[in-house]
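Note sheet for the following structure.
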Amino acid sequence: ANNGNCSQSCANTNGSYICSCQIGYILDANNRSCNDVNECSMNNGGCSQTCTNTNGSYTCSCRVGFLINADNRTCNDINECNSSNGGCSHACNNTIGSYICSCRTGYQLDVGGTKCTRYLPFVALEGAVEVLNGTDDGYSSPIYSNLGFPFGASTQYRAFVGANGIISFGAGWTASIPQLFPSSNTATRIAYIVAPFWSDNDLRLAGSVTYQVHESLTNQLAIVSAFISDTTGTKFNGTWMLVAQWNGAHPFPHGTNPTSPALNVTNTYQAIVITDAIQSYAIFTYNCQLLQWVQSQSKYAVVGFNAGGTNYTNYDSSGTAQIGSIACNNSTYPWSNVVYNIGKSSSDTQNLRKQCLSNYTNDILKFSTIVGSLTTSILQPCPCSRRQAQVDTRFTKDARRNDFECYYQSKPSKFRNAYPTRYCCYDKSNGALFPRLSTPLLFPPKGAMFSDYQTYDASFQKACCGVAGMCNLYFERRAPDNCSHYAPQRRAIANGDPHFTTLDGMTYTFNGWGEYKVFQQQQLDSTFLLQARTAPIVNTSATQFVGFAFGSKGSDYVEVQAHDNGFTILFNGGNITNNLTIVNSLISSDMVDISRTDNNSVTSIFANGISVTISIVVGLPVFQLAVSTTENITGLLGNYNGNPNDDFKFPNGTVLLPNSTDKQLYIFGQSYQIVESESLFTYPGGYSAANYSNTTYLPAFLEDVLANVSAAFKATCNNNPSCIFDYALTGNMAIANATLGTITQNAMNNIIAFSFPPTIVGSEMFLINTSIVSVYNFTVNSSNVFTVSVIGSLNGSLTQNNGIYSFSTINSNLSAATVSFLANDTLGSATMLTPQLQICACMNGGTCTKDGVLNVDQNPLTLNCQCPPAWTGAFCEVDYNGCLDLVCFPGVQCMDVPAPGKGANCGPCPVGYTKVDNKCEDINECADFNGNCSQFCNNTAGSYSCSCYSGYYLNSDGKTCNYFDLCQVNNGGCSQICTSINGNYKTCSCMTGYQLASDNSSCTDINECETIKPCSHDCFNTNGSYYCSCKLGSLLNDDNRTCSAIPEKLNIVLVTLSGYTVDTFTLDNRTKFINTVQQIFQTYCTGRACSRQVTNTQYFVIIRSVQNSAAGIVITLQVQTSRAVLSDAIVTQVLMSNKGMLMLAGFTVEEPDTQPSTLSSNVIIAIIIVVAAAAIAIALIIIVFLAILFKKCCCRTQKKYETNMENEMSLKKSEKIVIGNEAATNSDDQFGEVSSIHIIYDEPADKEASISANETMASTVSQTVVSCNEITVL
């Protein structure tokens, strides 16, 4: 039965039973109850991390960052990096139970610890210029950007770094009072300013400003460009950059008060302005630890930029105390950057400048090692005159040019990844060289390399050397040539049958039959050979050339075989004849270019500068060799050293005299017959060199021929021995004339090649001052007779004195003037000197400078003027308004000092300020007698104020202080009790039933029901107190805490509020007393508000308390009308009459043996009245309770109670009404004190129905009946 009283399992045994528990529980000591086993208390339940006990069991769990294993006990680390890289922007590093994100160099983590943000620390200033030390206001010397700096819609060319945290463009900027852009101040509004931290810095005692300009490829320029690209998302390559840094700047006036704590703080920050000629940016960099102040002279710093008032930006907190957050906007970031796009240009000039810089940069990157390595061994210097270029086979005319006559090096050598060549241009009219147009090229303008020439050379020059004015960059990579190192070619020929002219100009005839070494030069790493094959001319005693082979053994070589139908051309043994049938057709290799120069000629130009031309002239092959170096040469063309007397030098070193006979020279020629091992020729199968030679052959000799011809015969050839010989042997005058012409032309070419034009030595620039006579001096040197002339529009006169030529001019209109000096010699060679006219038109002491000139290459070049401080304008002709540099204190007028005076002055300062160096400096009134303040003096901008110690207040005089009771204002901040101590200190405390909260000001209720537990039955906490109530059948004793059982017979004591005993009587049955309450309300309270009319007056009976005491049940009653509380006498009368209510309800009222002496003769009636009043009061209280329960309380009125009890409430017999003694007083309540009513339910069967009935009844009660009673339903 009843499971053996076991809480879980019961097992019957013989004569007894046993209780047991489920797993996870343990049997209690009573052997019946089961208690939960806390598995987590033993070895943490076997959990590796967290153990949570549950009823009958437990669970293991893991901390964040771990995952529980299949055994439900152990935990494994979660590798968060395996999922979306842990959310990290860059690197994710797993750790035990967590992970860490990290960033690449140049990035920093955000607050969330996952996102990497690009940042730029201070850019290193290596070799920076330090300026403005020891100054207050001021700015640097102009910093020029010939590239041009787009700013807003303008292009600026000079910048100034200012002491007060600004970079200005166009003009210096000294203003010390920051203003939000664009500003109402005209000077500020029209200025071009970049402001990383515009404030009044004081550098007089400490601090400095440094800056550095980057105009070429530097690591810093690349770093900043990459930062902008990453920040903006647009590729950017800066080409000009100014970095400025303000170091340890104090707020003004630190120089006059360096010990002031408010001024002993410093700021360090950096600004960068950078451009690629089209787009410009400003970058401000701050470090949270290095930005320590935001205000100077009561003005907060301004951050942003202003482009002439039309384009401007202020940082959000500029001009406010929050501007300091610009450096500390995120506590996890060591650095903070602000990036502004401050300008973009669309002008053609800026586009060309950007293209020029791009070409310049690419040229360095792609050909960095080429330009610096170009020497005369790779590049041939330009011929000094057009005539020299025309006869130099190393150069080819550029047929594309019409403005100048230009030539390029015919055969460039491949060098690294280019084919460098020299490009030379000449005046078309006089043939003088133009050095500025004569530069190296990385690729020649011909053939397959023409596109590379356009890409890497022509576009580079076009972009830089036009309106961009940046030809200096092009010349840096392609240095102009003035021909100072030019070495002419020397020509040697062999023609006819055959006649040789050596390199030193000796002429002789050699008619050997075989293969001969005509020319051999030992070079640095190879040997160049020219070999010729001869054979007899039919029906004559002379030979002719039938083949030539030239080049280097083991490298490229060419063979030309002459025959009746023209040429057979072999290259490295292969036949290329069909590739060279068209004039100007070309076969090219790294070492040689082979071209068909005309129908009868083939020219081979080697990379070493040697050229060989093979021609057919009147049926006979002719060759021409051109060479520019003289070292290590041997062969039939002589020993080239400038001395013709040793040209006939045998291989063994023996030298024939220059007047030797042809027979003697025949022996000399035969000594250079080659053997097959030396030969460059190709031989058909079965043939060798021996098949092409005949050592026994004897030709006719010149001396024999000349001896047998007449003088007239000789005259037909102008007595030229070679011509005479050919005519005599062949009888063909055409051959003879061709021989004569070839020899003559070769001689003339050699003359031209070695005829240098006059040299003119003079300055590259001619400085012309428009206000005085300007003189240009130069000298001319020449081995020939020459003349000097002036070409151009510049008026002037030319004189000569002791070899010095002087050109004098005075001219005020020079905008289109040009001048050149031309020297011509009698051979037709000319040199022209064209100095750049640099025009200086500065006035009023201005100094001329090229700095800031847009196009420094233009001629004439108008120089810029650096004006004295009092003057401005293009030529220093305008009085400078000093107020543009001076921003006076707000409200103070600026007055310019007229030129020649300089600067400006500010008017008087406002009250509270004194003028210091044109600044209004605040007067510290507190420094003198504490500002007459009795306690504290607080200096402010332009004024001051007094304040008092804690516990004192400032009097109306604004200076003296009085004692202040802190508890007099807002109770000292205390919620209940404030106690003042000496006026300047106070404490808060609480009333009984409350305790002081942790804020030491407010009070919180003490719940006595939990702390002291005072009640024997039920305890109810209230604000500041509590009350006790008793269970069914008991009443609260006099101590208000304990309860006693209600006796069978009840002694009832009726008393008034004042304690006056009205009556005493006894009720016969306590149960009947309790149950009859309902009847009382039903009988006497329905529709009449428990009232009773006595002598035409409506009285209201209110039970204030029902309390158990030694005397019996004490009922405290209050009787009143609608207007006033009644006196004790009237109360007695009313209550006595109402005692009958109790008797009518079925009570037997026993009168006491004695009556109180104070009772009237109507005491019996009074008792009845009292009892009835009590019943009425109880009913009234219940009605009020129900009304409150329905939340229709707290309404007061002068109307009578009006109730409608149509819906009657039925109370259960187990319910008990307890009337407490808590009272509330309200001066506005016409009913005076109101009881606190508590209805205690003792678990009736239909509790919800009872509550519903209460609520239904309460809903019928007028809201005007009673004031708010506190209702508690248990």
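The chains in the structure tokens are called A, B, ... from first to last as shown; in each chain the residues are counted from 1, and the ligands are counted from 1 in the order shown.
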
Q: Give me the residues within 10 Å of A:Ser947 as a PyMOL selection string, counting only C-alpha atoms and dropping any in the same chain fewer than 3 places off.
A: chain A and resi 933-938+950+952-955+958-961

Take the residues from that selection and put them in a file with N, CA and C atoms, as a CSV table (one decimal), in the first residue's frame.
```
chain,number,residue,atom,x,y,z
A,933,CYS,N,40.0,86.9,-6.8
A,933,CYS,CA,39.1,85.8,-6.4
A,933,CYS,C,39.5,85.4,-5.0
A,934,SER,N,38.5,85.1,-4.1
A,934,SER,CA,38.8,84.7,-2.8
A,934,SER,C,39.3,83.3,-2.7
A,935,GLN,N,38.9,82.4,-3.7
A,935,GLN,CA,39.4,81.1,-3.7
A,935,GLN,C,40.1,80.7,-5.0
A,936,PHE,N,39.3,80.2,-6.0
A,936,PHE,CA,39.9,79.8,-7.3
A,936,PHE,C,39.7,80.9,-8.3
A,937,CYS,N,40.8,81.0,-9.2
A,937,CYS,CA,40.7,81.9,-10.3
A,937,CYS,C,40.9,81.1,-11.6
A,938,ASN,N,40.0,81.1,-12.6
A,938,ASN,CA,40.1,80.3,-13.8
A,938,ASN,C,40.2,81.2,-15.0
A,950,SER,N,34.9,73.0,-2.8
A,950,SER,CA,33.7,72.1,-2.5
A,950,SER,C,33.1,72.5,-1.2
A,952,TYR,N,31.4,75.4,-0.8
A,952,TYR,CA,31.2,76.8,-0.8
A,952,TYR,C,30.5,77.2,-2.1
A,953,TYR,N,29.8,78.3,-2.1
A,953,TYR,CA,29.2,78.8,-3.3
A,953,TYR,C,29.6,80.3,-3.6
A,954,LEU,N,29.6,80.6,-4.9
A,954,LEU,CA,30.0,82.0,-5.3
A,954,LEU,C,28.9,83.0,-5.0
A,955,ASN,N,29.4,84.1,-4.4
A,955,ASN,CA,28.4,85.2,-4.1
A,955,ASN,C,28.1,85.9,-5.4
A,958,GLY,N,30.6,87.6,-7.7
A,958,GLY,CA,31.4,86.8,-8.7
A,958,GLY,C,32.8,86.5,-8.2
A,959,LYS,N,33.1,86.9,-7.0
A,959,LYS,CA,34.5,86.8,-6.6
A,959,LYS,C,34.7,86.1,-5.2
A,960,THR,N,33.8,86.4,-4.3
A,960,THR,CA,33.9,85.8,-2.9
A,960,THR,C,33.0,84.6,-2.8
A,961,CYS,N,33.3,83.7,-1.8
A,961,CYS,CA,32.7,82.5,-1.6
A,961,CYS,C,32.1,82.4,-0.2
```

Q: Just the residues within 7 Å of stretch 758-768 of chain A, please, counting only C-alpha atoms, with nothing from its chain fewer than 6 positions along; format it as number ranges by chain.
A: A: 774, 776-782, 823-825, 830-831, 833, 835-840

Take the residues that were just selected and, keeping all heavy atoms, output them as a short mmCIF file (atom, residue, chain, number, x, y, z; two decimals), in the first residue's frame.
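Once everything was written out, this is result33.cif:
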```cif
data_model
loop_
_atom_site.label_atom_id
_atom_site.label_comp_id
_atom_site.auth_asym_id
_atom_site.auth_seq_id
_atom_site.Cartn_x
_atom_site.Cartn_y
_atom_site.Cartn_z
N SER A 774 72.38 93.81 -73.09
CA SER A 774 72.81 92.45 -72.79
C SER A 774 73.80 92.00 -73.85
O SER A 774 73.60 92.27 -75.05
CB SER A 774 71.62 91.50 -72.74
OG SER A 774 70.68 91.92 -71.77
N TYR A 776 76.34 88.81 -75.43
CA TYR A 776 76.63 87.39 -75.51
C TYR A 776 77.97 87.22 -76.21
O TYR A 776 78.17 87.71 -77.33
CB TYR A 776 75.54 86.64 -76.29
CG TYR A 776 75.78 85.15 -76.39
CD1 TYR A 776 75.47 84.32 -75.33
CD2 TYR A 776 76.33 84.60 -77.54
CE1 TYR A 776 75.68 82.95 -75.42
CE2 TYR A 776 76.53 83.24 -77.65
CZ TYR A 776 76.22 82.41 -76.58
OH TYR A 776 76.44 81.06 -76.66
N ASN A 777 78.91 86.52 -75.59
CA ASN A 777 80.25 86.32 -76.13
C ASN A 777 80.45 84.87 -76.55
O ASN A 777 79.98 83.94 -75.88
CB ASN A 777 81.31 86.69 -75.10
CG ASN A 777 81.26 88.17 -74.73
OD1 ASN A 777 81.03 89.03 -75.60
ND2 ASN A 777 81.49 88.47 -73.46
N PHE A 778 81.20 84.69 -77.69
CA PHE A 778 81.54 83.35 -78.13
C PHE A 778 82.82 83.41 -78.96
O PHE A 778 83.25 84.49 -79.40
CB PHE A 778 80.40 82.72 -78.93
CG PHE A 778 80.03 83.46 -80.19
CD1 PHE A 778 80.59 83.11 -81.42
CD2 PHE A 778 79.12 84.51 -80.16
CE1 PHE A 778 80.25 83.79 -82.58
CE2 PHE A 778 78.77 85.19 -81.32
CZ PHE A 778 79.33 84.83 -82.53
N THR A 779 83.42 82.25 -79.18
CA THR A 779 84.63 82.17 -80.00
C THR A 779 84.40 81.16 -81.12
O THR A 779 83.57 80.25 -81.00
CB THR A 779 85.84 81.74 -79.17
OG1 THR A 779 85.58 80.46 -78.58
CG2 THR A 779 86.13 82.76 -78.07
N VAL A 780 85.20 81.30 -82.24
CA VAL A 780 85.11 80.40 -83.39
C VAL A 780 86.51 79.92 -83.72
O VAL A 780 87.44 80.73 -83.80
CB VAL A 780 84.47 81.10 -84.60
CG1 VAL A 780 84.38 80.12 -85.77
CG2 VAL A 780 83.09 81.64 -84.25
N ASN A 781 86.62 78.62 -83.94
CA ASN A 781 87.91 78.06 -84.34
C ASN A 781 87.71 77.17 -85.56
O ASN A 781 86.73 76.42 -85.64
CB ASN A 781 88.52 77.24 -83.21
CG ASN A 781 88.84 78.07 -81.98
OD1 ASN A 781 89.66 78.98 -82.05
ND2 ASN A 781 88.19 77.76 -80.86
N SER A 782 88.69 77.27 -86.52
CA SER A 782 88.61 76.43 -87.71
C SER A 782 89.98 76.39 -88.37
O SER A 782 90.75 77.36 -88.32
CB SER A 782 87.57 76.97 -88.69
OG SER A 782 87.54 76.19 -89.87
N ALA A 823 78.76 79.70 -88.36
CA ALA A 823 80.14 79.79 -88.86
C ALA A 823 80.28 78.84 -90.05
O ALA A 823 80.07 77.63 -89.90
CB ALA A 823 81.14 79.43 -87.77
N ASN A 824 80.59 79.37 -91.23
CA ASN A 824 80.77 78.59 -92.46
C ASN A 824 82.22 78.62 -92.89
O ASN A 824 82.86 79.68 -92.85
CB ASN A 824 79.92 79.19 -93.59
CG ASN A 824 78.48 78.74 -93.52
OD1 ASN A 824 78.18 77.58 -93.72
ND2 ASN A 824 77.59 79.68 -93.23
N ASP A 825 82.76 77.46 -93.31
CA ASP A 825 84.11 77.48 -93.86
C ASP A 825 84.04 77.38 -95.38
O ASP A 825 82.97 77.19 -95.98
CB ASP A 825 84.98 76.37 -93.26
CG ASP A 825 84.51 74.97 -93.60
OD1 ASP A 825 83.65 74.83 -94.49
OD2 ASP A 825 85.00 74.01 -92.98
N ALA A 830 79.47 73.80 -91.96
CA ALA A 830 78.96 74.87 -91.11
C ALA A 830 78.68 74.35 -89.72
O ALA A 830 78.36 73.17 -89.52
CB ALA A 830 77.71 75.48 -91.71
N THR A 831 78.80 75.28 -88.77
CA THR A 831 78.41 75.01 -87.38
C THR A 831 77.51 76.15 -86.92
O THR A 831 77.81 77.32 -87.19
CB THR A 831 79.63 74.90 -86.47
OG1 THR A 831 80.46 73.85 -86.94
CG2 THR A 831 79.22 74.62 -85.04
N LEU A 833 75.46 77.79 -83.54
CA LEU A 833 75.25 77.84 -82.09
C LEU A 833 73.96 78.61 -81.82
O LEU A 833 73.83 79.76 -82.22
CB LEU A 833 76.45 78.52 -81.40
CG LEU A 833 76.31 78.77 -79.90
CD1 LEU A 833 76.18 77.45 -79.14
CD2 LEU A 833 77.51 79.56 -79.38
N PRO A 835 71.98 79.62 -78.64
CA PRO A 835 71.79 79.66 -77.19
C PRO A 835 70.31 79.86 -76.84
O PRO A 835 69.53 80.40 -77.63
CB PRO A 835 72.63 80.86 -76.75
CG PRO A 835 72.62 81.76 -77.94
CD PRO A 835 72.59 80.87 -79.15
N GLN A 836 69.93 79.38 -75.67
CA GLN A 836 68.57 79.63 -75.19
C GLN A 836 68.49 81.05 -74.65
O GLN A 836 69.26 81.44 -73.78
CB GLN A 836 68.18 78.63 -74.09
CG GLN A 836 66.75 78.80 -73.59
CD GLN A 836 66.44 77.90 -72.41
OE1 GLN A 836 67.23 77.84 -71.46
NE2 GLN A 836 65.32 77.20 -72.46
N LEU A 837 67.55 81.83 -75.19
CA LEU A 837 67.35 83.19 -74.70
C LEU A 837 66.56 83.11 -73.40
O LEU A 837 65.42 82.63 -73.38
CB LEU A 837 66.60 84.03 -75.73
CG LEU A 837 67.26 84.19 -77.10
CD1 LEU A 837 66.41 85.08 -77.99
CD2 LEU A 837 68.67 84.73 -76.97
N GLN A 838 67.18 83.55 -72.33
CA GLN A 838 66.51 83.58 -71.03
C GLN A 838 66.25 85.04 -70.68
O GLN A 838 67.18 85.81 -70.42
CB GLN A 838 67.36 82.89 -69.97
CG GLN A 838 67.56 81.41 -70.25
CD GLN A 838 68.26 80.68 -69.12
OE1 GLN A 838 68.67 81.29 -68.13
NE2 GLN A 838 68.39 79.37 -69.26
N ILE A 839 64.98 85.38 -70.70
CA ILE A 839 64.59 86.78 -70.58
C ILE A 839 64.26 87.09 -69.14
O ILE A 839 63.41 86.45 -68.51
CB ILE A 839 63.38 87.08 -71.47
CG1 ILE A 839 63.71 86.73 -72.92
CG2 ILE A 839 62.93 88.51 -71.34
CD1 ILE A 839 62.52 86.71 -73.83
N CYS A 840 64.94 88.09 -68.61
CA CYS A 840 64.72 88.54 -67.23
C CYS A 840 64.09 89.92 -67.29
O CYS A 840 64.73 90.88 -67.72
CB CYS A 840 66.04 88.58 -66.47
SG CYS A 840 65.88 89.21 -64.78
#
```

Q) Near A:Val887, counting only C-alpha atoms, which residues have an atom at most 9 Å away, once you skip same-chain residues fewer than 2 positions from it, shown as JSON, numbers by chain? A) {"A": [174, 175, 176, 177, 185, 187, 188, 883, 884, 885, 889, 890, 894, 906]}

Emit the selected residues as an mmCIF file, in the first residue's frame, including all heavy atoms.
```cif
data_model
loop_
_atom_site.group_PDB
_atom_site.id
_atom_site.type_symbol
_atom_site.label_atom_id
_atom_site.label_comp_id
_atom_site.auth_asym_id
_atom_site.auth_seq_id
_atom_site.Cartn_x
_atom_site.Cartn_y
_atom_site.Cartn_z
ATOM 1 N N THR A 174 51.100 82.153 -43.475
ATOM 2 C CA THR A 174 51.531 82.281 -42.087
ATOM 3 C C THR A 174 50.376 82.346 -41.111
ATOM 4 O O THR A 174 50.592 82.449 -39.908
ATOM 5 C CB THR A 174 52.382 83.556 -41.915
ATOM 6 O OG1 THR A 174 51.577 84.703 -42.223
ATOM 7 C CG2 THR A 174 53.605 83.523 -42.806
ATOM 8 N N ALA A 175 49.145 82.324 -41.583
ATOM 9 C CA ALA A 175 47.987 82.519 -40.707
ATOM 10 C C ALA A 175 48.020 81.529 -39.549
ATOM 11 O O ALA A 175 48.206 80.331 -39.738
ATOM 12 C CB ALA A 175 46.700 82.357 -41.504
ATOM 13 N N SER A 176 47.815 82.047 -38.348
ATOM 14 C CA SER A 176 47.905 81.221 -37.149
ATOM 15 C C SER A 176 46.543 80.909 -36.547
ATOM 16 O O SER A 176 46.459 80.119 -35.611
ATOM 17 C CB SER A 176 48.765 81.931 -36.094
ATOM 18 O OG SER A 176 48.195 83.188 -35.754
ATOM 19 N N ILE A 177 45.490 81.539 -37.053
ATOM 20 C CA ILE A 177 44.153 81.313 -36.505
ATOM 21 C C ILE A 177 43.395 80.398 -37.454
ATOM 22 O O ILE A 177 43.019 80.803 -38.554
ATOM 23 C CB ILE A 177 43.397 82.649 -36.327
ATOM 24 C CG1 ILE A 177 44.184 83.564 -35.378
ATOM 25 C CG2 ILE A 177 41.996 82.394 -35.800
ATOM 26 C CD1 ILE A 177 43.586 84.931 -35.244
ATOM 27 N N ASN A 185 36.993 84.848 -44.538
ATOM 28 C CA ASN A 185 38.172 85.671 -44.753
ATOM 29 C C ASN A 185 38.656 85.491 -46.190
ATOM 30 O O ASN A 185 38.893 84.369 -46.644
ATOM 31 C CB ASN A 185 39.279 85.264 -43.769
ATOM 32 C CG ASN A 185 40.554 86.066 -43.971
ATOM 33 O OD1 ASN A 185 41.370 85.719 -44.810
ATOM 34 N ND2 ASN A 185 40.707 87.117 -43.189
ATOM 35 N N ALA A 187 41.450 86.128 -47.769
ATOM 36 C CA ALA A 187 42.768 85.528 -47.961
ATOM 37 C C ALA A 187 42.710 84.016 -47.813
ATOM 38 O O ALA A 187 43.326 83.267 -48.584
ATOM 39 C CB ALA A 187 43.764 86.111 -46.969
ATOM 40 N N THR A 188 41.951 83.545 -46.832
ATOM 41 C CA THR A 188 41.834 82.103 -46.631
ATOM 42 C C THR A 188 41.003 81.461 -47.739
ATOM 43 O O THR A 188 41.327 80.385 -48.239
ATOM 44 C CB THR A 188 41.187 81.805 -45.269
ATOM 45 O OG1 THR A 188 41.964 82.430 -44.239
ATOM 46 C CG2 THR A 188 41.114 80.317 -45.010
ATOM 47 N N CYS A 883 48.268 91.499 -46.052
ATOM 48 C CA CYS A 883 47.175 90.865 -45.320
ATOM 49 C C CYS A 883 46.863 89.467 -45.844
ATOM 50 O O CYS A 883 46.145 88.705 -45.196
ATOM 51 C CB CYS A 883 45.918 91.742 -45.385
ATOM 52 S SG CYS A 883 46.070 93.267 -44.417
ATOM 53 N N LEU A 884 47.376 89.130 -47.036
ATOM 54 C CA LEU A 884 47.195 87.777 -47.540
ATOM 55 C C LEU A 884 47.984 86.766 -46.736
ATOM 56 O O LEU A 884 47.678 85.569 -46.743
ATOM 57 C CB LEU A 884 47.594 87.698 -49.019
ATOM 58 C CG LEU A 884 46.755 88.518 -49.990
ATOM 59 C CD1 LEU A 884 47.318 88.397 -51.390
ATOM 60 C CD2 LEU A 884 45.296 88.080 -49.949
ATOM 61 N N ASP A 885 49.013 87.232 -46.049
ATOM 62 C CA ASP A 885 49.830 86.356 -45.210
ATOM 63 C C ASP A 885 49.456 86.444 -43.741
ATOM 64 O O ASP A 885 49.999 85.710 -42.920
ATOM 65 C CB ASP A 885 51.319 86.712 -45.344
ATOM 66 C CG ASP A 885 51.904 86.245 -46.662
ATOM 67 O OD1 ASP A 885 51.274 85.390 -47.296
ATOM 68 O OD2 ASP A 885 52.964 86.742 -47.041
ATOM 69 N N PHE A 889 43.230 88.449 -35.500
ATOM 70 C CA PHE A 889 42.276 87.923 -34.540
ATOM 71 C C PHE A 889 40.861 88.299 -34.986
ATOM 72 O O PHE A 889 40.647 89.371 -35.551
ATOM 73 C CB PHE A 889 42.567 88.502 -33.152
ATOM 74 C CG PHE A 889 41.908 87.769 -32.025
ATOM 75 C CD1 PHE A 889 42.472 86.615 -31.522
ATOM 76 C CD2 PHE A 889 40.715 88.220 -31.475
ATOM 77 C CE1 PHE A 889 41.868 85.930 -30.480
ATOM 78 C CE2 PHE A 889 40.111 87.542 -30.442
ATOM 79 C CZ PHE A 889 40.687 86.387 -29.936
ATOM 80 N N PRO A 890 39.885 87.390 -34.771
ATOM 81 C CA PRO A 890 38.521 87.710 -35.211
ATOM 82 C C PRO A 890 38.059 89.071 -34.708
ATOM 83 O O PRO A 890 38.159 89.382 -33.512
ATOM 84 C CB PRO A 890 37.694 86.565 -34.605
ATOM 85 C CG PRO A 890 38.643 85.431 -34.519
ATOM 86 C CD PRO A 890 39.971 86.035 -34.196
ATOM 87 N N CYS A 894 42.977 94.058 -40.492
ATOM 88 C CA CYS A 894 44.334 93.947 -41.005
ATOM 89 C C CYS A 894 44.620 95.125 -41.919
ATOM 90 O O CYS A 894 43.801 95.487 -42.765
ATOM 91 C CB CYS A 894 44.497 92.628 -41.763
ATOM 92 S SG CYS A 894 46.144 92.397 -42.495
ATOM 93 N N CYS A 906 48.045 94.240 -37.657
ATOM 94 C CA CYS A 906 46.695 94.061 -37.145
ATOM 95 C C CYS A 906 46.351 95.213 -36.222
ATOM 96 O O CYS A 906 47.216 95.787 -35.544
ATOM 97 C CB CYS A 906 46.574 92.736 -36.377
ATOM 98 S SG CYS A 906 46.767 91.273 -37.415
#
```

Q: Determine, counting only C-alpha atoms, which protein, DNA and RNA residues have an atom within 10 Å of an atom of A:Cys717; residues of the same chain fewer than 4 positions away are not included. Present the result as a list of chain:residue names.
A: A:Ala712, A:Phe713, A:Pro721, A:Ser722, A:Cys723, A:Ile724, A:Phe725, A:Asp726, A:Tyr727, A:Met733, A:Ala736, A:Asn737, A:Thr739, A:Leu740

Q: Return the single residue from A:Ile493, A:Cys101, A:Leu1035, A:Ile370 that is closest to A:Gly505, with distances computed using only C-alpha atoms.
A: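 Ranked by minimum distance to A:Gly505, first place goes to A:Ile493.
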
Q.
Give me the residues near stretch 35-47 of chain A as a PyMOL selection string, where near means some atom within 9 Å (using only C-alpha atoms) and where sequence neighbours in that chain fewer than 3 positions away do not count.
A. chain A and resi 21+23-28+50-62+72-75

Q | Residue neighbourhood stretch 117-126 of chain A, 6 Å, only C-alpha atoms, exclusion window fewer than 5 positions, as a PyMOL selection string | A | chain A and resi 106-108

Residues from last step as file, N, CA and C atoms, as a PDB file, in the first residue's frame:
```
ATOM      1  N   GLY A 106      52.001  46.490 -43.392  1.00  0.00           N
ATOM      2  CA  GLY A 106      51.274  47.635 -43.925  1.00  0.00           C
ATOM      3  C   GLY A 106      49.798  47.613 -43.605  1.00  0.00           C
ATOM      4  N   TYR A 107      49.343  46.587 -42.838  1.00  0.00           N
ATOM      5  CA  TYR A 107      47.943  46.496 -42.441  1.00  0.00           C
ATOM      6  C   TYR A 107      47.877  46.347 -40.928  1.00  0.00           C
ATOM      7  N   GLN A 108      46.721  46.693 -40.343  1.00  0.00           N
ATOM      8  CA  GLN A 108      46.524  46.539 -38.918  1.00  0.00           C
ATOM      9  C   GLN A 108      45.098  46.041 -38.666  1.00  0.00           C
TER      10      GLN A 108
END
```

Q: Using DSSP on the backbone coordinates, identify the residues of stretch 44-127 of chain A assigned to strand (DSSP E); present them as a ChimeraX atom specification.
A: /A:50-54,57-61,66-68,75-77,91-95,98-102,107-109,116-118

Q: Within 10 Å of A:Asn572, counting only C-alpha atoms, which residues show up once you throw out same-chain ones fewer than 5 positions away? Write them as a list in words, please.
A: Gly551, Lys553, Gly554, Ser555, Asp556, Tyr557, Val558, Glu559, Leu680, Phe681 and Thr682 of chain A
